[in-house]
$ cat data09.json   # JSON, C-alpha atoms
[["chain", "number", "residue", "atom", "x", "y", "z"],
["A", 1, "MET", "CA", 10.33, 13.31, -0.23],
["A", 2, "LYS", "CA", 8.76, 12.65, 3.17],
["A", 3, "ILE", "CA", 5.82, 10.75, 4.60],
["A", 4, "VAL", "CA", 3.06, 13.29, 5.23],
["A", 5, "ARG", "CA", 0.40, 11.04, 6.76],
["A", 6, "ARG", "CA", -0.95, 7.53, 7.08],
["A", 7, "ILE", "CA", -3.89, 6.70, 4.83],
["A", 8, "GLY", "CA", -6.44, 4.67, 6.76],
["A", 9, "ALA", "CA", -6.21, 2.90, 10.09],
["A", 10, "SER", "CA", -2.92, 1.99, 11.76],
["A", 11, "PRO", "CA", -1.91, -1.67, 12.01],
["A", 12, "ARG", "CA", -2.84, -1.63, 15.71],
["A", 13, "GLU", "CA", -6.32, -0.25, 14.88],
["A", 14, "ARG", "CA", -6.73, -3.06, 12.33],
["A", 15, "GLY", "CA", -5.92, -5.69, 14.95],
["A", 16, "SER", "CA", -2.18, -6.30, 14.56],
["A", 17, "LEU", "CA", -1.12, -7.96, 17.80],
["A", 18, "SER", "CA", 2.23, -6.21, 17.94],
["A", 19, "GLY", "CA", 1.09, -3.08, 16.12],
["A", 20, "ASP", "CA", 4.57, -2.93, 14.60],
["A", 21, "THR", "CA", 4.44, -4.73, 11.27],
["A", 22, "CYS", "CA", 1.52, -4.94, 8.91],
["A", 23, "PRO", "CA", 0.45, -3.59, 5.51],
["A", 24, "ASP", "CA", 0.24, 0.20, 5.50],
["A", 25, "ILE", "CA", -0.39, 3.10, 3.09],
["A", 26, "PHE", "CA", 1.18, 6.55, 3.34],
["A", 27, "GLU", "CA", 0.74, 9.82, 1.45],
["A", 28, "LEU", "CA", 4.06, 11.40, 0.46],
["A", 29, "SER", "CA", 5.04, 15.07, 0.31],
["A", 30, "ASP", "CA", 5.20, 14.91, -3.50],
["A", 31, "GLY", "CA", 1.56, 13.72, -3.69],
["A", 32, "ASN", "CA", 2.41, 10.07, -4.41],
["A", 33, "PHE", "CA", 1.62, 7.14, -2.14],
["A", 34, "ALA", "CA", 3.89, 4.53, -0.56],
["A", 35, "VAL", "CA", 2.67, 1.05, 0.33],
["A", 36, "ILE", "CA", 4.08, -1.50, 2.76],
["A", 37, "GLY", "CA", 2.95, -4.97, 1.77],
["A", 38, "SER", "CA", 4.07, -8.48, 0.96],
["A", 39, "ASP", "CA", 6.24, -8.81, -2.15],
["A", 40, "ALA", "CA", 4.33, -11.03, -4.56],
["A", 41, "THR", "CA", 6.31, -10.18, -7.68],
["A", 42, "ALA", "CA", 7.55, -13.71, -8.32],
["A", 43, "ALA", "CA", 4.08, -15.21, -7.91],
["A", 44, "LEU", "CA", 2.09, -12.62, -9.87],
["A", 45, "ASP", "CA", 4.44, -11.26, -12.54],
["A", 46, "SER", "CA", 3.35, -13.84, -15.10],
["A", 47, "GLU", "CA", -0.30, -13.17, -14.23],
["A", 48, "LEU", "CA", -0.24, -9.50, -15.28],
["A", 49, "PRO", "CA", -2.67, -8.68, -18.09],
["A", 50, "ALA", "CA", -1.21, -8.03, -21.54],
["A", 51, "ASP", "CA", -1.66, -4.26, -21.16],
["A", 52, "ALA", "CA", 0.26, -4.11, -17.84],
["A", 53, "ALA", "CA", 4.01, -3.99, -17.39],
["A", 54, "ARG", "CA", 6.47, -3.79, -14.50],
["A", 55, "ALA", "CA", 9.88, -2.14, -14.63],
["A", 56, "ASP", "CA", 12.84, -4.00, -13.11],
["A", 57, "TYR", "CA", 12.84, -1.63, -10.12],
["A", 58, "GLU", "CA", 9.09, -2.10, -9.47],
["A", 59, "ARG", "CA", 7.49, -4.79, -7.32],
["A", 60, "ILE", "CA", 3.98, -6.22, -7.13],
["A", 61, "VAL", "CA", 2.88, -5.76, -3.53],
["A", 62, "ILE", "CA", -0.11, -7.27, -1.75],
["A", 63, "ILE", "CA", -1.98, -5.44, 0.97],
["A", 64, "SER", "CA", -4.98, -6.87, 2.77],
["A", 65, "ARG", "CA", -8.49, -6.00, 1.65],
["A", 66, "GLU", "CA", -9.15, -4.51, 5.10],
["A", 67, "THR", "CA", -6.13, -2.19, 4.76],
["A", 68, "LEU", "CA", -7.43, -0.72, 1.51],
["A", 69, "ILE", "CA", -11.06, -0.54, 2.60],
["A", 70, "ARG", "CA", -10.10, 1.23, 5.86],
["A", 71, "ALA", "CA", -8.01, 3.69, 3.79],
["A", 72, "LYS", "CA", -10.81, 4.52, 1.35],
["A", 73, "ALA", "CA", -12.18, 7.45, 3.36],
["A", 74, "ASP", "CA", -8.72, 9.07, 3.53],
["A", 75, "ILE", "CA", -7.91, 8.79, -0.20],
["A", 76, "PRO", "CA", -8.43, 12.17, -1.90],
["A", 77, "ASP", "CA", -10.76, 12.36, -4.90],
["A", 78, "VAL", "CA", -8.20, 14.43, -6.85]]
$ encode --input "data09.json" --output "structure tokens"
Amino acid sequence: MKIVRRIGASPRERGSLSGDTCPDIFELSDGNFAVIGSDATAALDSELPADAARADYERIVIISRETLIRAKADIPDV
């Protein structure tokens, strides 16, 4: 599995002062997506709706609204 491309604008393009660390979305060679974001598992785990579940190895990650909106044009329809 490898990162194929960034989805959306880079952190620098979104205004990150250092351009080094910031939420990010990547498309992977297997067709899945990887997300860099803030771990909010502890804060949001109990807030999940009844029909949602998280495995022990999964985390709830927050990315900024701007990160997702700027990625929208790069997300494939299928």
$ closest_residue --input "data09.json" --among "A:Ala52, A:Ile60, A:Leu17, A:Val4" --to "Ser38 (chain A)" --atoms "only C-alpha atoms"
A:Ile60
$ axis_aligned_box --input "data09.json" --around "region 22-29 of chain A" --padding-each-side "4 Å" --output "lines of an AutoDock Vina configuration file"
center_x = 2.3
center_y = 5.1
center_z = 4.6
size_x = 13.4
size_y = 28.0
size_z = 16.6
$ closest_residue --input "data09.json" --among "A:Ile62, A:Met1, A:Asp24, A:Asp56" --to "Ala43 (chain A)" --atoms "all atoms listed in the file"
A:Ile62
$ residues_around --input "data09.json" --residues "Arg6 (chain A)" --least-positions-apart "2" --cutoff "8 Å" --atoms "all atoms listed in the file" --output "PyMOL selection string"
chain A and resi 3-4+8-10+24-27
$ closest_residue --input "data09.json" --among "A:Ile7, A:Thr41, A:Ile69, A:Ser18" --to "Tyr57 (chain A)" --atoms "all atoms listed in the file"
A:Thr41
$ closest_residue --input "data09.json" --among "A:Pro23, A:Arg5, A:Glu47, A:Asp30" --to "Glu66 (chain A)" --atoms "only C-alpha atoms"
A:Pro23
$ closest_residue --input "data09.json" --among "A:Leu28, A:Pro11, A:Arg59, A:Lys72" --to "Ala42 (chain A)" --atoms "only C-alpha atoms"
A:Arg59
$ atom_distance --input "data09.json" --atom1 "CA of Asn32 (chain A)" --atom2 "CA of Arg65 (chain A)"
20.3 Å
